[in-house]
Structures are given as C-alpha cells and as structure tokens.
Amino acid sequence: MIWVHTLRRYLLILAAGNLIWEMFHMPLYSVWEEETNVQVFLYGLHCTGGDILIGLSALMGSLLLVGSDAWPNKEFSKIAVLAIVFGVGYTAFSEWYNVYSAKNWAYRDIMPQIFGIGVSPLLQWLAIPLAAFWWVKRSTKGETVIDC
C-alpha cells in the first residue's frame with residue numbers, strides 16, 4: 001500500500017517543517033513581545049498541531065475531489081498542487097479572520113504583509129507542502145501500487 005507510506009512520509013515532513021517554521025516566524029507576531037518564552041513555545045506547538053490538521057485536510061480534500069485509486073502513482077502533481085492551493089487559501093482566510101475579525105493574534109510591525117495578510121504564513125503554506133510533496137515523490141520512485 002504505497003499510499004499509506006506516502007501519507008506517513010508527507011506527515012513527517014509536514015509536522016517537522018511546520019514546527020521549525022512556527023518557531024522561527026513567531027517573532028513576527030505580537031505574542032513574541034507580550035508572553036513568556038514558555039508561552040511562546042506552547043503557542044508554537046499549538047499552531048503546529050493546527051498546521052498538521054490543515055495540511056492533512058487539504059490533502060484529503062484534494063484526494064476526495066480529484067484523486068484516484070492509483071494515487072500516488074498517478075495524478076500526484078494534480079493532487080499536490082490542489083492541496084497547496086487549499087492550504088494557502090485556508091491560511092489566507094484564517095490569518096485575516098484571526099487578526100482582523102476575532103483578534104486572536106496580531107502582527108508586529110516587522111511582519112511583511114500583502115493585502116493585510118502576513119507573508120510568512122503564506123510562504124509557509126507554499127514552501128513546506130511543496131517540500132513534503134517533493135520528498136514524497138522522490139522517496140517513492142520505483143514503488144508501485146499493489147492491489148490487494
């Protein structure tokens with residue numbers, strides 16, 4: 001079952017990449033100046049958990065919409081692109097909602113923005129899933145689907 005190995009590999013890179021990204025871009029948010037180091041670390045862990053759910057939801061949604069039984073051997077790129085689009089789209093909405101409507105968090109003045117949305121979280125949802133899909137594709141070369 002190559003898809004199980006694919007999901008495990010994707011999840012591993014998604015989790016590790018998002019944990020690292022969260023810890024490094026935390027200074028771009030107001031929590032960096034307002035909370036203790038322990039609280040900032042806990043926020044980073046919390047956000048990483050949310051990132052994992054976003055990434056898995058984007059992948060599952062993509063697979064349900066346009067996937068086939070032959071995935072990941074077929075339609076890999078189509079699923080990857082759609083999952084990244086879903087991840088970036090959700091993140092843009094979530095950042096806008098949480099910063100401007102719910103006011104759950106705020107950007108510091110050093111956060112680069114595009115249309116009022118932080119560039120760092122948008123880049124996060126381009127870079128990390130792209131790296132995860134690249135690694136999965138590279139590591140599954142030559143494997144074939146075994147029909148049970």
# chains A, B, ... in the order shown; residues from 1 in each chain; ligands from 1
>>> select_by_dssp(residues="chain A", states="strand (DSSP E)", output="count of residues only")
4
>>> residues_around(residues="A:Met26", least_positions_apart="3", cutoff="9 Å", atoms="only C-alpha atoms", output="VMD selection string")
chain A and resid 21 to 23 29 to 32 40 to 41 43 to 44
>>> write_last_selection(atoms="N, CA and C atoms", output="PDB file, in the first residue's frame")
ATOM      1  N   TRP A  21       9.175  26.094  11.200  1.00  0.00           N
ATOM      2  CA  TRP A  21       8.707  27.387  10.679  1.00  0.00           C
ATOM      3  C   TRP A  21       8.015  28.187  11.776  1.00  0.00           C
ATOM      4  N   GLU A  22       7.148  27.542  12.531  1.00  0.00           N
ATOM      5  CA  GLU A  22       6.429  28.249  13.591  1.00  0.00           C
ATOM      6  C   GLU A  22       7.388  28.878  14.598  1.00  0.00           C
ATOM      7  N   MET A  23       8.411  28.147  14.965  1.00  0.00           N
ATOM      8  CA  MET A  23       9.350  28.673  15.951  1.00  0.00           C
ATOM      9  C   MET A  23      10.158  29.857  15.398  1.00  0.00           C
ATOM     10  N   TYR A  29       4.965  37.972  15.248  1.00  0.00           N
ATOM     11  CA  TYR A  29       3.659  38.140  15.890  1.00  0.00           C
ATOM     12  C   TYR A  29       3.828  38.842  17.231  1.00  0.00           C
ATOM     13  N   SER A  30       2.782  39.531  17.676  1.00  0.00           N
ATOM     14  CA  SER A  30       2.849  40.309  18.912  1.00  0.00           C
ATOM     15  C   SER A  30       3.088  39.436  20.135  1.00  0.00           C
ATOM     16  N   VAL A  31       2.722  38.178  20.082  1.00  0.00           N
ATOM     17  CA  VAL A  31       2.928  37.275  21.207  1.00  0.00           C
ATOM     18  C   VAL A  31       4.406  37.232  21.615  1.00  0.00           C
ATOM     19  N   TRP A  32       5.287  37.473  20.658  1.00  0.00           N
ATOM     20  CA  TRP A  32       6.723  37.439  20.919  1.00  0.00           C
ATOM     21  C   TRP A  32       7.120  38.443  21.999  1.00  0.00           C
ATOM     22  N   VAL A  40       5.253  31.312  24.500  1.00  0.00           N
ATOM     23  CA  VAL A  40       5.526  31.415  23.062  1.00  0.00           C
ATOM     24  C   VAL A  40       5.789  30.023  22.489  1.00  0.00           C
ATOM     25  N   PHE A  41       6.569  29.212  23.196  1.00  0.00           N
ATOM     26  CA  PHE A  41       6.846  27.845  22.753  1.00  0.00           C
ATOM     27  C   PHE A  41       5.561  27.026  22.679  1.00  0.00           C
ATOM     28  N   TYR A  43       2.519  28.178  22.267  1.00  0.00           N
ATOM     29  CA  TYR A  43       1.762  28.663  21.105  1.00  0.00           C
ATOM     30  C   TYR A  43       2.301  28.034  19.821  1.00  0.00           C
ATOM     31  N   GLY A  44       3.613  27.932  19.727  1.00  0.00           N
ATOM     32  CA  GLY A  44       4.228  27.314  18.552  1.00  0.00           C
ATOM     33  C   GLY A  44       3.806  25.863  18.387  1.00  0.00           C
TER      34      GLY A  44
END
>>> residues_around(residues="stretch 119-134 of chain A", least_positions_apart="6", cutoff="6 Å", atoms="only C-alpha atoms", output="PyMOL selection string")
chain A and resi 10+13+17+87-88+112-113
>>> write_last_selection(atoms="C-alpha atoms", output="mmCIF file, in the first residue's frame")
data_model
loop_
_atom_site.group_PDB
_atom_site.id
_atom_site.type_symbol
_atom_site.label_atom_id
_atom_site.label_comp_id
_atom_site.auth_asym_id
_atom_site.auth_seq_id
_atom_site.Cartn_x
_atom_site.Cartn_y
_atom_site.Cartn_z
ATOM 1 C CA TYR A 10 4.111 13.566 3.893
ATOM 2 C CA ILE A 13 7.864 16.445 6.660
ATOM 3 C CA GLY A 17 8.687 21.639 8.712
ATOM 4 C CA GLY A 87 -3.593 25.180 2.265
ATOM 5 C CA VAL A 88 -2.669 28.678 1.088
ATOM 6 C CA PRO A 112 5.700 41.746 5.835
ATOM 7 C CA GLN A 113 2.144 41.822 4.511
#
>>> residues_around(residues="A:Ala80", least_positions_apart="3", cutoff="10 Å", atoms="only C-alpha atoms", output="ChimeraX atom specification")
/A:58-59,62-63,72,75-77,83-86,129-130,132-134
>>> closest_residue(among="A:Phe115, A:Thr91, A:Asn104, A:Trp71", to="A:His5", atoms="only C-alpha atoms")
A:Trp71
>>> closest_residue(among="A:Ala102, A:Phe93, A:Asn37, A:Met60", to="A:Leu7", atoms="only C-alpha atoms")
A:Met60
>>> closest_residue(among="A:Ile20, A:Ile117, A:Val38, A:Leu14", to="A:Val99", atoms="only C-alpha atoms")
A:Ile117
>>> atom_distance(atom1="atom CA of A:Trp135", atom2="atom CA of A:Leu19")
17.3 Å
>>> atom_distance(atom1="atom CA of A:Arg138", atom2="atom CA of A:Thr6")
10.6 Å
>>> select_by_dssp(residues="chain A", states="alpha helix (DSSP H)", output="ChimeraX atom specification")
/A:2-25,31-34,37-66,76-96,119-139
>>> decode(residues="stretch 11-46 of chain A", atoms="N, CA and C atoms", output="compact mmCIF listing (two decimals), in the first residue's frame")
# COMPACT_ATOMS: atom_id res chain seq x y z
N LEU A 11 3.28 13.40 6.18
CA LEU A 11 3.00 13.87 7.53
C LEU A 11 4.29 14.18 8.29
N LEU A 12 5.30 13.35 8.13
CA LEU A 12 6.58 13.57 8.81
C LEU A 12 7.19 14.91 8.42
N ILE A 13 7.29 15.18 7.12
CA ILE A 13 7.86 16.44 6.66
C ILE A 13 6.95 17.61 7.02
N LEU A 14 5.65 17.43 6.87
CA LEU A 14 4.69 18.48 7.22
C LEU A 14 4.83 18.88 8.69
N ALA A 15 4.88 17.90 9.58
CA ALA A 15 4.98 18.19 11.02
C ALA A 15 6.31 18.85 11.37
N ALA A 16 7.40 18.26 10.91
CA ALA A 16 8.72 18.81 11.23
C ALA A 16 8.91 20.20 10.63
N GLY A 17 8.53 20.35 9.38
CA GLY A 17 8.69 21.64 8.71
C GLY A 17 7.87 22.74 9.36
N ASN A 18 6.63 22.42 9.72
CA ASN A 18 5.78 23.44 10.35
C ASN A 18 6.24 23.78 11.76
N LEU A 19 6.74 22.81 12.50
CA LEU A 19 7.26 23.10 13.83
C LEU A 19 8.44 24.07 13.74
N ILE A 20 9.35 23.79 12.84
CA ILE A 20 10.51 24.66 12.65
C ILE A 20 10.06 26.05 12.19
N TRP A 21 9.17 26.09 11.20
CA TRP A 21 8.71 27.39 10.68
C TRP A 21 8.01 28.19 11.78
N GLU A 22 7.15 27.54 12.53
CA GLU A 22 6.43 28.25 13.59
C GLU A 22 7.39 28.88 14.60
N MET A 23 8.41 28.15 14.97
CA MET A 23 9.35 28.67 15.95
C MET A 23 10.16 29.86 15.40
N PHE A 24 10.47 29.82 14.11
CA PHE A 24 11.26 30.90 13.53
C PHE A 24 10.44 32.12 13.15
N HIS A 25 9.14 31.96 12.84
CA HIS A 25 8.39 33.16 12.48
C HIS A 25 7.57 33.73 13.63
N MET A 26 7.66 33.12 14.79
CA MET A 26 6.96 33.64 15.97
C MET A 26 7.33 35.09 16.30
N PRO A 27 8.59 35.53 16.09
CA PRO A 27 8.91 36.94 16.38
C PRO A 27 8.15 37.94 15.51
N LEU A 28 7.49 37.49 14.47
CA LEU A 28 6.71 38.39 13.61
C LEU A 28 5.32 38.67 14.18
N TYR A 29 4.97 37.97 15.25
CA TYR A 29 3.66 38.14 15.89
C TYR A 29 3.83 38.84 17.23
N SER A 30 2.78 39.53 17.68
CA SER A 30 2.85 40.31 18.91
C SER A 30 3.09 39.44 20.14
N VAL A 31 2.72 38.18 20.08
CA VAL A 31 2.93 37.27 21.21
C VAL A 31 4.41 37.23 21.61
N TRP A 32 5.29 37.47 20.66
CA TRP A 32 6.72 37.44 20.92
C TRP A 32 7.12 38.44 22.00
N GLU A 33 6.46 39.59 22.00
CA GLU A 33 6.78 40.65 22.97
C GLU A 33 5.88 40.61 24.20
N GLU A 34 4.75 39.94 24.09
CA GLU A 34 3.75 40.01 25.15
C GLU A 34 3.75 38.83 26.11
N GLU A 35 4.33 37.70 25.73
CA GLU A 35 4.25 36.48 26.53
C GLU A 35 5.63 35.99 26.96
N THR A 36 5.63 35.04 27.88
CA THR A 36 6.88 34.43 28.32
C THR A 36 7.40 33.48 27.24
N ASN A 37 8.67 33.12 27.36
CA ASN A 37 9.25 32.18 26.41
C ASN A 37 8.52 30.84 26.39
N VAL A 38 8.12 30.38 27.57
CA VAL A 38 7.39 29.12 27.65
C VAL A 38 6.05 29.23 26.92
N GLN A 39 5.35 30.33 27.13
CA GLN A 39 4.05 30.52 26.47
C GLN A 39 4.22 30.63 24.95
N VAL A 40 5.25 31.31 24.50
CA VAL A 40 5.53 31.41 23.06
C VAL A 40 5.79 30.02 22.49
N PHE A 41 6.57 29.21 23.20
CA PHE A 41 6.85 27.84 22.75
C PHE A 41 5.56 27.03 22.68
N LEU A 42 4.71 27.16 23.69
CA LEU A 42 3.43 26.42 23.69
C LEU A 42 2.53 26.88 22.55
N TYR A 43 2.52 28.18 22.27
CA TYR A 43 1.76 28.66 21.11
C TYR A 43 2.30 28.03 19.82
N GLY A 44 3.61 27.93 19.73
CA GLY A 44 4.23 27.31 18.55
C GLY A 44 3.81 25.86 18.39
N LEU A 45 3.76 25.13 19.48
CA LEU A 45 3.30 23.73 19.43
C LEU A 45 1.83 23.66 19.03
N HIS A 46 1.02 24.54 19.61
CA HIS A 46 -0.40 24.59 19.29
C HIS A 46 -0.61 24.88 17.80
